[in-house]
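First up is the structure itself, then whatever we jot down about it.
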Amino acid sequence: MKTFTATPADIDKKWILIDAEGVVLGRLASIVAMRLRGKHKPSFTPHMDMGDNVIVINADKVQLTGRKREERYYWHTGHPGGIKSKTKAEILEGAHPERVVMKAVQRMLPGGKLSRKQMTHLRVFAGAEHGMDAQKPEVLDVKSMNPKNTRTA
């Protein structure tokens, strides 16, 4: 019996809509990363872009467990002494709260060209409105998958 390897003709991409309100960040990111890679499909092929297009709404209402709101994201500007940092709480309350979800998903994907391409299939919106109605996304209810996926503040 031969091993099945998907070809570009075998790939069937769907649009998935996920509401992040009240969902724990790490659990949301792992589900989104799995959908982006296509590991939920029986025809998964590691070197192909098999994943679905994922839309995440209400990213500003995502929950963090423990003291993770005080954890910091660090980056360097490239200039001497240019180390910068912000807490996750500052980012969530700032102008671009969707960046916390984007960074969490990015860090759950393997590094490389394929993962960078798969990240382009992720759309994250801070509010409830998204401009992707024409794609007719299917709703994926992450809250009902496992009771641990949600957390009340």
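Letters A, B, ... go to the chains of the structure tokens in the order shown; residues in each chain start at 1; ligands are counted from 1 in the same order.
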Determine, for each residue of range 36-93 of chain A having at least one atom at most 8 Å from an atom of range 117-121 of chain A, the closest pair of atoms and their separation in Å to one decimal, counting only C-alpha atoms; order by chain and ascending number, as a Markdown table.
```
| residue | atom | partner | partner_atom | distance |
| --- | --- | --- | --- | --- |
| A:Leu36 | CA | A:Gln118 | CA | 6.1 |
| A:Arg37 | CA | A:Gln118 | CA | 6.9 |
| A:Asp49 | CA | A:Gln118 | CA | 6.8 |
| A:Gly51 | CA | A:Gln118 | CA | 7.4 |
| A:Asp52 | CA | A:His121 | CA | 7.3 |
| A:Asn53 | CA | A:His121 | CA | 4.8 |
| A:Val54 | CA | A:His121 | CA | 6.4 |
```
Write out as an mmCIF file with N, CA, C and O atoms, in the first residue's frame the residues lying within 9 Å of Pro8 in chain A, counting only C-alpha atoms and excluding same-chain residues fewer than 2 positions away.
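Generated output (result-v2.cif):
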```cif
data_model
loop_
_atom_site.group_PDB
_atom_site.id
_atom_site.type_symbol
_atom_site.label_atom_id
_atom_site.label_comp_id
_atom_site.auth_asym_id
_atom_site.auth_seq_id
_atom_site.Cartn_x
_atom_site.Cartn_y
_atom_site.Cartn_z
ATOM 1 N N ALA A 6 -0.844 14.436 -0.904
ATOM 2 C CA ALA A 6 -1.796 15.342 -1.540
ATOM 3 C C ALA A 6 -1.118 16.158 -2.632
ATOM 4 O O ALA A 6 0.057 16.523 -2.526
ATOM 5 N N ASP A 10 -5.938 18.184 -4.914
ATOM 6 C CA ASP A 10 -6.650 17.539 -3.813
ATOM 7 C C ASP A 10 -7.017 18.494 -2.683
ATOM 8 O O ASP A 10 -7.801 18.135 -1.809
ATOM 9 N N ILE A 11 -6.467 19.680 -2.688
ATOM 10 C CA ILE A 11 -6.653 20.598 -1.566
ATOM 11 C C ILE A 11 -8.012 21.274 -1.664
ATOM 12 O O ILE A 11 -8.384 21.832 -2.697
ATOM 13 N N ASP A 12 -8.762 21.211 -0.551
ATOM 14 C CA ASP A 12 -10.073 21.844 -0.452
ATOM 15 C C ASP A 12 -10.051 22.787 0.743
ATOM 16 O O ASP A 12 -10.076 22.353 1.891
ATOM 17 N N MET A 48 2.581 20.525 2.290
ATOM 18 C CA MET A 48 1.604 21.246 1.472
ATOM 19 C C MET A 48 0.789 22.184 2.355
ATOM 20 O O MET A 48 0.588 21.923 3.532
ATOM 21 N N ASP A 49 0.286 23.242 1.751
ATOM 22 C CA ASP A 49 -0.596 24.172 2.460
ATOM 23 C C ASP A 49 -2.018 23.628 2.373
ATOM 24 O O ASP A 49 -2.782 23.967 1.486
ATOM 25 N N MET A 50 -2.364 22.758 3.334
ATOM 26 C CA MET A 50 -3.647 22.052 3.323
ATOM 27 C C MET A 50 -4.719 22.762 4.139
ATOM 28 O O MET A 50 -5.872 22.412 4.089
#
```
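Each of A:Leu114, A:Leu109, A:Ala29, A:Val62 was checked against His47 in chain A using only C-alpha atoms; the smallest atom-to-atom distance is that of A:Leu114.
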Residues near Ile16 in chain A, cut-off 9 Å, only C-alpha atoms, skip fewer than 3 positions along chain, as a PDB file with all heavy atoms, in the first residue's frame:
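Contents of the output file part-v2.pdb:
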```pdb
ATOM      1  N   ARG A  35      -5.976  24.227  12.513  1.00  0.00           N
ATOM      2  CA  ARG A  35      -6.808  24.474  11.336  1.00  0.00           C
ATOM      3  C   ARG A  35      -6.000  25.106  10.204  1.00  0.00           C
ATOM      4  O   ARG A  35      -6.220  24.785   9.038  1.00  0.00           O
ATOM      5  CB  ARG A  35      -7.978  25.393  11.698  1.00  0.00           C
ATOM      6  CG  ARG A  35      -8.986  24.768  12.611  1.00  0.00           C
ATOM      7  CD  ARG A  35      -9.875  23.862  11.836  1.00  0.00           C
ATOM      8  NE  ARG A  35     -10.729  23.105  12.726  1.00  0.00           N
ATOM      9  CZ  ARG A  35     -11.795  22.456  12.329  1.00  0.00           C
ATOM     10  NH1 ARG A  35     -12.138  22.450  11.071  1.00  0.00           N
ATOM     11  NH2 ARG A  35     -12.508  21.763  13.183  1.00  0.00           N
ATOM     12  N   ASP A  52      -7.236  25.498   6.319  1.00  0.00           N
ATOM     13  CA  ASP A  52      -8.373  26.335   5.998  1.00  0.00           C
ATOM     14  C   ASP A  52      -8.025  27.806   6.236  1.00  0.00           C
ATOM     15  O   ASP A  52      -7.033  28.133   6.873  1.00  0.00           O
ATOM     16  CB  ASP A  52      -9.571  25.963   6.884  1.00  0.00           C
ATOM     17  CG  ASP A  52     -10.055  24.544   6.628  1.00  0.00           C
ATOM     18  OD1 ASP A  52      -9.881  24.055   5.495  1.00  0.00           O
ATOM     19  OD2 ASP A  52     -10.607  23.933   7.550  1.00  0.00           O
ATOM     20  N   ASN A  53      -8.878  28.680   5.726  1.00  0.00           N
ATOM     21  CA  ASN A  53      -8.791  30.100   6.025  1.00  0.00           C
ATOM     22  C   ASN A  53      -9.575  30.336   7.309  1.00  0.00           C
ATOM     23  O   ASN A  53     -10.718  29.921   7.416  1.00  0.00           O
ATOM     24  CB  ASN A  53      -9.378  30.927   4.884  1.00  0.00           C
ATOM     25  CG  ASN A  53      -8.580  30.769   3.612  1.00  0.00           C
ATOM     26  OD1 ASN A  53      -7.428  31.138   3.555  1.00  0.00           O
ATOM     27  ND2 ASN A  53      -9.197  30.196   2.593  1.00  0.00           N
ATOM     28  N   VAL A  54      -8.973  31.007   8.270  1.00  0.00           N
ATOM     29  CA  VAL A  54      -9.577  31.175   9.580  1.00  0.00           C
ATOM     30  C   VAL A  54      -9.804  32.653   9.856  1.00  0.00           C
ATOM     31  O   VAL A  54      -8.914  33.484   9.646  1.00  0.00           O
ATOM     32  CB  VAL A  54      -8.690  30.568  10.691  1.00  0.00           C
ATOM     33  CG1 VAL A  54      -9.321  30.741  12.050  1.00  0.00           C
ATOM     34  CG2 VAL A  54      -8.429  29.097  10.410  1.00  0.00           C
ATOM     35  N   ILE A  55     -11.019  32.978  10.318  1.00  0.00           N
ATOM     36  CA  ILE A  55     -11.384  34.327  10.727  1.00  0.00           C
ATOM     37  C   ILE A  55     -11.655  34.277  12.219  1.00  0.00           C
ATOM     38  O   ILE A  55     -12.472  33.485  12.677  1.00  0.00           O
ATOM     39  CB  ILE A  55     -12.643  34.820   9.989  1.00  0.00           C
ATOM     40  CG1 ILE A  55     -12.461  34.739   8.480  1.00  0.00           C
ATOM     41  CG2 ILE A  55     -12.993  36.237  10.431  1.00  0.00           C
ATOM     42  CD1 ILE A  55     -13.751  34.844   7.706  1.00  0.00           C
ATOM     43  N   VAL A  56     -10.959  35.113  12.988  1.00  0.00           N
ATOM     44  CA  VAL A  56     -11.167  35.189  14.434  1.00  0.00           C
ATOM     45  C   VAL A  56     -11.738  36.566  14.745  1.00  0.00           C
ATOM     46  O   VAL A  56     -11.146  37.584  14.373  1.00  0.00           O
ATOM     47  CB  VAL A  56      -9.848  34.969  15.208  1.00  0.00           C
ATOM     48  CG1 VAL A  56     -10.085  35.080  16.702  1.00  0.00           C
ATOM     49  CG2 VAL A  56      -9.250  33.623  14.863  1.00  0.00           C
ATOM     50  N   LYS A 136     -18.780  33.179   3.031  1.00  0.00           N
ATOM     51  CA  LYS A 136     -19.704  32.273   3.730  1.00  0.00           C
ATOM     52  C   LYS A 136     -18.965  31.342   4.690  1.00  0.00           C
ATOM     53  O   LYS A 136     -18.947  30.123   4.519  1.00  0.00           O
ATOM     54  CB  LYS A 136     -20.523  31.458   2.736  1.00  0.00           C
ATOM     55  CG  LYS A 136     -21.386  32.299   1.823  1.00  0.00           C
ATOM     56  CD  LYS A 136     -22.204  31.430   0.910  1.00  0.00           C
ATOM     57  CE  LYS A 136     -23.025  32.283  -0.021  1.00  0.00           C
ATOM     58  NZ  LYS A 136     -22.359  32.612  -1.253  1.00  0.00           N
ATOM     59  N   PRO A 137     -18.335  31.911   5.731  1.00  0.00           N
ATOM     60  CA  PRO A 137     -17.567  31.065   6.650  1.00  0.00           C
ATOM     61  C   PRO A 137     -18.466  30.194   7.525  1.00  0.00           C
ATOM     62  O   PRO A 137     -19.561  30.593   7.910  1.00  0.00           O
ATOM     63  CB  PRO A 137     -16.800  32.082   7.493  1.00  0.00           C
ATOM     64  CG  PRO A 137     -17.621  33.316   7.447  1.00  0.00           C
ATOM     65  CD  PRO A 137     -18.283  33.325   6.102  1.00  0.00           C
ATOM     66  N   GLU A 138     -17.971  28.987   7.814  1.00  0.00           N
ATOM     67  CA  GLU A 138     -18.660  28.089   8.736  1.00  0.00           C
ATOM     68  C   GLU A 138     -18.238  28.459  10.154  1.00  0.00           C
ATOM     69  O   GLU A 138     -17.063  28.699  10.411  1.00  0.00           O
ATOM     70  CB  GLU A 138     -18.269  26.635   8.465  1.00  0.00           C
ATOM     71  CG  GLU A 138     -18.616  26.140   7.091  1.00  0.00           C
ATOM     72  CD  GLU A 138     -18.057  24.752   6.832  1.00  0.00           C
ATOM     73  OE1 GLU A 138     -17.573  24.114   7.789  1.00  0.00           O
ATOM     74  OE2 GLU A 138     -18.096  24.346   5.671  1.00  0.00           O
ATOM     75  N   VAL A 139     -19.190  28.467  11.084  1.00  0.00           N
ATOM     76  CA  VAL A 139     -18.886  28.832  12.462  1.00  0.00           C
ATOM     77  C   VAL A 139     -18.346  27.608  13.193  1.00  0.00           C
ATOM     78  O   VAL A 139     -18.928  26.525  13.148  1.00  0.00           O
ATOM     79  CB  VAL A 139     -20.150  29.362  13.165  1.00  0.00           C
ATOM     80  CG1 VAL A 139     -19.865  29.661  14.627  1.00  0.00           C
ATOM     81  CG2 VAL A 139     -20.660  30.607  12.459  1.00  0.00           C
ATOM     82  N   LEU A 140     -17.208  27.778  13.856  1.00  0.00           N
ATOM     83  CA  LEU A 140     -16.612  26.736  14.687  1.00  0.00           C
ATOM     84  C   LEU A 140     -16.747  27.188  16.138  1.00  0.00           C
ATOM     85  O   LEU A 140     -16.158  28.197  16.536  1.00  0.00           O
ATOM     86  CB  LEU A 140     -15.142  26.523  14.322  1.00  0.00           C
ATOM     87  CG  LEU A 140     -14.405  25.461  15.127  1.00  0.00           C
ATOM     88  CD1 LEU A 140     -14.971  24.082  14.799  1.00  0.00           C
ATOM     89  CD2 LEU A 140     -12.931  25.495  14.833  1.00  0.00           C
TER      90      LEU A 140
END
```
Can you pull out every residue from chain A that DSSP, working from the backbone, puts in alpha helix (DSSP H), and format the result as a compact mmCIF listing (two decimals) with all heavy atoms, in the first residue's frame?
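Written output follows (out.txt):
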```txt
# COMPACT_ATOMS: atom_id res chain seq x y z
N LEU A 25 -6.68 32.08 25.63
CA LEU A 25 -5.81 32.39 24.49
C LEU A 25 -5.03 31.19 23.98
O LEU A 25 -5.01 30.92 22.78
CB LEU A 25 -4.84 33.52 24.87
CG LEU A 25 -3.80 33.89 23.83
CD1 LEU A 25 -4.47 34.46 22.59
CD2 LEU A 25 -2.82 34.88 24.39
N GLY A 26 -4.39 30.43 24.85
CA GLY A 26 -3.56 29.31 24.41
C GLY A 26 -4.37 28.22 23.75
O GLY A 26 -3.95 27.63 22.75
N ARG A 27 -5.55 27.93 24.28
CA ARG A 27 -6.40 26.90 23.68
C ARG A 27 -6.95 27.36 22.34
O ARG A 27 -7.05 26.59 21.38
CB ARG A 27 -7.54 26.56 24.64
CG ARG A 27 -7.05 25.78 25.84
CD ARG A 27 -8.15 25.55 26.84
NE ARG A 27 -7.70 24.63 27.87
CZ ARG A 27 -7.86 23.31 27.80
NH1 ARG A 27 -8.46 22.76 26.78
NH2 ARG A 27 -7.42 22.53 28.77
N LEU A 28 -7.28 28.64 22.24
CA LEU A 28 -7.73 29.20 20.96
C LEU A 28 -6.61 29.12 19.93
O LEU A 28 -6.83 28.68 18.79
CB LEU A 28 -8.17 30.65 21.15
CG LEU A 28 -8.48 31.43 19.88
CD1 LEU A 28 -9.78 30.95 19.27
CD2 LEU A 28 -8.54 32.91 20.16
N ALA A 29 -5.40 29.51 20.32
CA ALA A 29 -4.27 29.53 19.39
C ALA A 29 -3.93 28.14 18.89
O ALA A 29 -3.58 27.95 17.72
CB ALA A 29 -3.06 30.18 20.04
N SER A 30 -4.02 27.12 19.76
CA SER A 30 -3.69 25.76 19.32
C SER A 30 -4.73 25.24 18.32
O SER A 30 -4.38 24.56 17.35
CB SER A 30 -3.56 24.82 20.51
OG SER A 30 -4.80 24.68 21.16
N ILE A 31 -6.00 25.57 18.53
CA ILE A 31 -7.04 25.14 17.59
C ILE A 31 -6.88 25.85 16.26
O ILE A 31 -6.99 25.24 15.19
CB ILE A 31 -8.43 25.39 18.21
CG1 ILE A 31 -8.66 24.43 19.38
CG2 ILE A 31 -9.53 25.24 17.17
CD1 ILE A 31 -9.85 24.75 20.24
N VAL A 32 -6.59 27.16 16.29
CA VAL A 32 -6.40 27.92 15.06
C VAL A 32 -5.18 27.42 14.31
O VAL A 32 -5.21 27.27 13.08
CB VAL A 32 -6.31 29.43 15.38
CG1 VAL A 32 -5.88 30.21 14.15
CG2 VAL A 32 -7.63 29.95 15.89
N ALA A 33 -4.09 27.15 15.02
CA ALA A 33 -2.87 26.66 14.36
C ALA A 33 -3.11 25.31 13.70
O ALA A 33 -2.62 25.06 12.59
CB ALA A 33 -1.73 26.56 15.38
N MET A 34 -3.87 24.45 14.35
CA MET A 34 -4.18 23.14 13.77
C MET A 34 -5.01 23.30 12.50
O MET A 34 -4.78 22.62 11.49
CB MET A 34 -4.94 22.29 14.78
CG MET A 34 -5.23 20.90 14.29
SD MET A 34 -6.16 19.92 15.48
CE MET A 34 -7.74 20.74 15.43
N ARG A 35 -5.98 24.23 12.51
CA ARG A 35 -6.81 24.47 11.34
C ARG A 35 -6.00 25.11 10.20
O ARG A 35 -6.22 24.79 9.04
CB ARG A 35 -7.98 25.39 11.70
CG ARG A 35 -8.99 24.77 12.61
CD ARG A 35 -9.88 23.86 11.84
NE ARG A 35 -10.73 23.10 12.73
CZ ARG A 35 -11.79 22.46 12.33
NH1 ARG A 35 -12.14 22.45 11.07
NH2 ARG A 35 -12.51 21.76 13.18
N LEU A 36 -5.07 26.00 10.54
CA LEU A 36 -4.25 26.64 9.50
C LEU A 36 -3.33 25.64 8.81
O LEU A 36 -3.11 25.72 7.61
CB LEU A 36 -3.41 27.77 10.10
CG LEU A 36 -4.13 29.07 10.43
CD1 LEU A 36 -3.19 30.03 11.11
CD2 LEU A 36 -4.70 29.70 9.17
N ARG A 37 -2.78 24.70 9.57
CA ARG A 37 -1.90 23.69 8.99
C ARG A 37 -2.65 22.62 8.24
O ARG A 37 -2.12 22.00 7.33
CB ARG A 37 -1.07 23.02 10.10
CG ARG A 37 0.03 23.93 10.57
CD ARG A 37 1.22 23.18 11.07
NE ARG A 37 1.93 22.51 10.01
CZ ARG A 37 2.72 21.45 10.22
NH1 ARG A 37 2.89 20.97 11.41
NH2 ARG A 37 3.34 20.89 9.22
N LYS A 88 1.02 41.99 27.95
CA LYS A 88 -0.11 41.55 27.14
C LYS A 88 -1.34 42.39 27.44
O LYS A 88 -2.14 42.66 26.55
CB LYS A 88 -0.39 40.07 27.40
CG LYS A 88 0.70 39.17 26.86
CD LYS A 88 0.42 37.72 27.17
CE LYS A 88 1.60 36.87 26.74
NZ LYS A 88 1.43 35.47 27.10
N ALA A 89 -1.49 42.82 28.70
CA ALA A 89 -2.63 43.67 29.07
C ALA A 89 -2.57 45.01 28.34
O ALA A 89 -3.59 45.52 27.87
CB ALA A 89 -2.66 43.88 30.57
N GLU A 90 -1.38 45.60 28.23
CA GLU A 90 -1.23 46.87 27.52
C GLU A 90 -1.58 46.72 26.04
O GLU A 90 -2.20 47.60 25.45
CB GLU A 90 0.20 47.38 27.65
CG GLU A 90 0.58 47.87 29.02
CD GLU A 90 2.05 48.20 29.16
OE1 GLU A 90 2.83 47.98 28.20
OE2 GLU A 90 2.42 48.68 30.23
N ILE A 91 -1.20 45.59 25.44
CA ILE A 91 -1.49 45.36 24.03
C ILE A 91 -2.99 45.13 23.83
O ILE A 91 -3.59 45.67 22.90
CB ILE A 91 -0.67 44.19 23.49
CG1 ILE A 91 0.82 44.51 23.57
CG2 ILE A 91 -1.05 43.88 22.05
CD1 ILE A 91 1.73 43.36 23.26
N LEU A 92 -3.61 44.34 24.72
CA LEU A 92 -5.05 44.07 24.59
C LEU A 92 -5.88 45.33 24.78
O LEU A 92 -6.95 45.46 24.18
CB LEU A 92 -5.47 43.01 25.61
CG LEU A 92 -5.12 41.57 25.26
CD1 LEU A 92 -5.40 40.65 26.44
CD2 LEU A 92 -5.89 41.10 24.04
N GLU A 93 -5.43 46.26 25.61
CA GLU A 93 -6.17 47.49 25.84
C GLU A 93 -5.76 48.60 24.87
O GLU A 93 -6.36 49.67 24.87
CB GLU A 93 -5.95 47.96 27.28
CG GLU A 93 -6.55 47.00 28.29
CD GLU A 93 -5.99 47.17 29.68
OE1 GLU A 93 -5.17 48.10 29.89
OE2 GLU A 93 -6.35 46.36 30.54
N GLU A 98 -5.58 42.61 18.44
CA GLU A 98 -5.53 41.37 17.68
C GLU A 98 -4.12 40.81 17.56
O GLU A 98 -3.93 39.63 17.25
CB GLU A 98 -6.15 41.55 16.29
CG GLU A 98 -5.44 42.53 15.40
CD GLU A 98 -5.89 43.97 15.58
OE1 GLU A 98 -6.77 44.26 16.40
OE2 GLU A 98 -5.33 44.83 14.88
N ARG A 99 -3.10 41.61 17.85
CA ARG A 99 -1.71 41.16 17.73
C ARG A 99 -1.36 40.09 18.76
O ARG A 99 -0.46 39.28 18.52
CB ARG A 99 -0.77 42.35 17.87
CG ARG A 99 -0.85 43.26 16.67
CD ARG A 99 0.10 44.41 16.75
NE ARG A 99 -0.06 45.29 15.59
CZ ARG A 99 0.47 46.48 15.49
NH1 ARG A 99 1.21 46.96 16.48
NH2 ARG A 99 0.28 47.20 14.42
N VAL A 100 -2.04 40.07 19.90
CA VAL A 100 -1.79 39.03 20.90
C VAL A 100 -2.18 37.67 20.33
O VAL A 100 -1.45 36.69 20.47
CB VAL A 100 -2.56 39.34 22.20
CG1 VAL A 100 -2.45 38.19 23.18
CG2 VAL A 100 -2.03 40.61 22.83
N VAL A 101 -3.33 37.60 19.67
CA VAL A 101 -3.78 36.34 19.08
C VAL A 101 -2.88 35.95 17.92
O VAL A 101 -2.50 34.78 17.78
CB VAL A 101 -5.26 36.45 18.62
CG1 VAL A 101 -5.70 35.18 17.92
CG2 VAL A 101 -6.15 36.76 19.81
N MET A 102 -2.51 36.92 17.08
CA MET A 102 -1.64 36.63 15.94
C MET A 102 -0.31 36.05 16.40
O MET A 102 0.18 35.08 15.84
CB MET A 102 -1.39 37.91 15.13
CG MET A 102 -2.59 38.49 14.45
SD MET A 102 -3.02 37.68 12.94
CE MET A 102 -1.78 38.29 11.86
N LYS A 103 0.28 36.64 17.43
CA LYS A 103 1.58 36.20 17.91
C LYS A 103 1.48 34.82 18.55
O LYS A 103 2.36 33.98 18.39
CB LYS A 103 2.13 37.21 18.91
CG LYS A 103 3.61 37.16 19.12
CD LYS A 103 4.36 37.15 17.83
CE LYS A 103 5.12 38.39 17.56
NZ LYS A 103 6.12 38.19 16.49
N ALA A 104 0.39 34.56 19.27
CA ALA A 104 0.21 33.25 19.90
C ALA A 104 0.08 32.15 18.85
O ALA A 104 0.67 31.07 18.99
CB ALA A 104 -1.02 33.26 20.80
N VAL A 105 -0.66 32.42 17.78
CA VAL A 105 -0.83 31.43 16.70
C VAL A 105 0.49 31.24 15.96
O VAL A 105 0.90 30.12 15.66
CB VAL A 105 -1.95 31.85 15.73
CG1 VAL A 105 -1.99 30.94 14.52
CG2 VAL A 105 -3.29 31.85 16.45
N GLN A 106 1.18 32.34 15.68
CA GLN A 106 2.46 32.26 14.94
C GLN A 106 3.47 31.41 15.69
O GLN A 106 4.21 30.64 15.09
CB GLN A 106 3.01 33.67 14.74
CG GLN A 106 4.34 33.70 14.03
CD GLN A 106 4.92 35.10 13.98
OE1 GLN A 106 4.29 36.07 14.38
NE2 GLN A 106 6.15 35.21 13.52
N LYS A 113 9.11 28.83 5.57
CA LYS A 113 8.36 29.49 4.50
C LYS A 113 6.89 29.07 4.49
O LYS A 113 6.01 29.88 4.26
CB LYS A 113 8.98 29.14 3.15
CG LYS A 113 10.33 29.73 2.91
CD LYS A 113 10.83 29.31 1.53
CE LYS A 113 12.25 29.77 1.31
NZ LYS A 113 12.75 29.33 0.01
N LEU A 114 6.65 27.79 4.71
CA LEU A 114 5.28 27.30 4.66
C LEU A 114 4.43 27.90 5.77
O LEU A 114 3.28 28.29 5.55
CB LEU A 114 5.26 25.76 4.75
CG LEU A 114 3.90 25.10 4.63
CD1 LEU A 114 3.23 25.44 3.30
CD2 LEU A 114 4.02 23.61 4.77
N SER A 115 4.99 28.03 6.95
CA SER A 115 4.24 28.61 8.07
C SER A 115 3.96 30.09 7.84
O SER A 115 2.89 30.58 8.20
CB SER A 115 5.00 28.44 9.37
OG SER A 115 5.05 27.08 9.70
N ARG A 116 4.90 30.79 7.22
CA ARG A 116 4.65 32.20 6.91
C ARG A 116 3.53 32.33 5.89
O ARG A 116 2.71 33.24 5.97
CB ARG A 116 5.93 32.87 6.41
CG ARG A 116 6.93 33.13 7.53
CD ARG A 116 8.07 34.00 7.09
NE ARG A 116 8.95 33.35 6.13
CZ ARG A 116 9.97 32.55 6.45
NH1 ARG A 116 10.21 32.29 7.72
NH2 ARG A 116 10.73 32.02 5.52
N LYS A 117 3.46 31.41 4.94
CA LYS A 117 2.37 31.43 3.96
C LYS A 117 1.05 31.08 4.64
O LYS A 117 0.01 31.67 4.34
CB LYS A 117 2.66 30.43 2.84
CG LYS A 117 1.60 30.46 1.78
CD LYS A 117 1.95 29.63 0.58
CE LYS A 117 0.95 29.89 -0.50
NZ LYS A 117 0.43 28.70 -1.11
N GLN A 118 1.07 30.12 5.57
CA GLN A 118 -0.15 29.74 6.26
C GLN A 118 -0.67 30.85 7.15
O GLN A 118 -1.88 30.98 7.34
CB GLN A 118 0.09 28.47 7.08
CG GLN A 118 0.25 27.24 6.20
CD GLN A 118 0.81 26.04 6.94
OE1 GLN A 118 1.36 26.17 8.02
NE2 GLN A 118 0.69 24.88 6.32
N MET A 119 0.21 31.68 7.69
CA MET A 119 -0.23 32.80 8.51
C MET A 119 -1.01 33.84 7.70
O MET A 119 -1.79 34.61 8.25
CB MET A 119 0.96 33.47 9.20
CG MET A 119 1.44 32.78 10.44
SD MET A 119 0.23 32.73 11.76
CE MET A 119 0.15 34.45 12.23
```
* **strand (DSSP E) residues, from DSSP on the backbone, in range 28-137 of chain A, as a PyMOL selection string** => chain A and resi 53-57+72-76+83-87+122-124
Would you pick out the contacts of range 73-77 of chain A at 8 Å or less, using only C-alpha atoms, so that residues sharing its chain but fewer than 2 positions from it are not included, and give the list as a PDB file with N, CA, C and O atoms, in the first residue's frame?
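Saved to out.pdb:
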```pdb
ATOM      1  N   GLU A  71       2.668  39.224  31.752  1.00  0.00           N
ATOM      2  CA  GLU A  71       3.838  38.794  30.981  1.00  0.00           C
ATOM      3  C   GLU A  71       4.127  39.804  29.877  1.00  0.00           C
ATOM      4  O   GLU A  71       3.228  40.443  29.354  1.00  0.00           O
ATOM      5  N   HIS A  79      18.661  49.374  17.124  1.00  0.00           N
ATOM      6  CA  HIS A  79      19.595  50.408  17.554  1.00  0.00           C
ATOM      7  C   HIS A  79      20.192  50.026  18.901  1.00  0.00           C
ATOM      8  O   HIS A  79      19.581  49.278  19.664  1.00  0.00           O
ATOM      9  N   GLY A  82      18.118  49.447  22.214  1.00  0.00           N
ATOM     10  CA  GLY A  82      16.762  49.542  21.673  1.00  0.00           C
ATOM     11  C   GLY A  82      15.831  48.419  22.065  1.00  0.00           C
ATOM     12  O   GLY A  82      14.931  48.085  21.306  1.00  0.00           O
ATOM     13  N   ILE A  83      16.025  47.815  23.241  1.00  0.00           N
ATOM     14  CA  ILE A  83      15.111  46.764  23.678  1.00  0.00           C
ATOM     15  C   ILE A  83      13.816  47.412  24.157  1.00  0.00           C
ATOM     16  O   ILE A  83      13.829  48.399  24.882  1.00  0.00           O
ATOM     17  N   LYS A  84      12.693  46.892  23.702  1.00  0.00           N
ATOM     18  CA  LYS A  84      11.386  47.428  24.067  1.00  0.00           C
ATOM     19  C   LYS A  84      10.532  46.283  24.586  1.00  0.00           C
ATOM     20  O   LYS A  84      10.759  45.121  24.247  1.00  0.00           O
ATOM     21  N   SER A  85       9.516  46.631  25.367  1.00  0.00           N
ATOM     22  CA  SER A  85       8.612  45.606  25.866  1.00  0.00           C
ATOM     23  C   SER A  85       7.267  46.216  26.196  1.00  0.00           C
ATOM     24  O   SER A  85       7.164  47.418  26.474  1.00  0.00           O
ATOM     25  N   LYS A  86       6.234  45.377  26.135  1.00  0.00           N
ATOM     26  CA  LYS A  86       4.881  45.730  26.542  1.00  0.00           C
ATOM     27  C   LYS A  86       4.256  44.495  27.174  1.00  0.00           C
ATOM     28  O   LYS A  86       4.539  43.370  26.751  1.00  0.00           O
ATOM     29  N   THR A  87       3.389  44.702  28.146  1.00  0.00           N
ATOM     30  CA  THR A  87       2.666  43.573  28.723  1.00  0.00           C
ATOM     31  C   THR A  87       1.516  43.202  27.800  1.00  0.00           C
ATOM     32  O   THR A  87       1.076  44.012  26.973  1.00  0.00           O
ATOM     33  N   LYS A  88       1.020  41.988  27.953  1.00  0.00           N
ATOM     34  CA  LYS A  88      -0.107  41.549  27.145  1.00  0.00           C
ATOM     35  C   LYS A  88      -1.341  42.391  27.443  1.00  0.00           C
ATOM     36  O   LYS A  88      -2.140  42.662  26.549  1.00  0.00           O
TER      37      LYS A  88
END
```
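The space between CA of Lys68 in chain A and CA of Pro147 in chain A spans 20.0 Å.
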* CA of Thr152 in chain A to CA of His96 in chain A, distance in Å rounded to a single decimal -> 22.6 Å
* Structure fact -> The distance between CA of Val24 in chain A and CA of Phe44 in chain A is 26.4 Å
* Write out as a PyMOL selection string each polymer residue whose atoms come within 8 Å of Val142 in chain A, counting only C-alpha atoms; drop sequence neighbours fewer than 5 positions from it. => chain A and resi 18-19+23+28+149
* Taking only C-alpha atoms into account, which of A:Lys61, A:Lys39, A:Lys2, A:Lys14 comes nearest Ala128 in chain A? -> A:Lys61
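Comparing the minimum interatomic distances between Lys13 in chain A and each of A:Pro110, A:Gln135, A:Ile57, A:Phe125, counting only C-alpha atoms, we find that A:Gln135 sits nearest.
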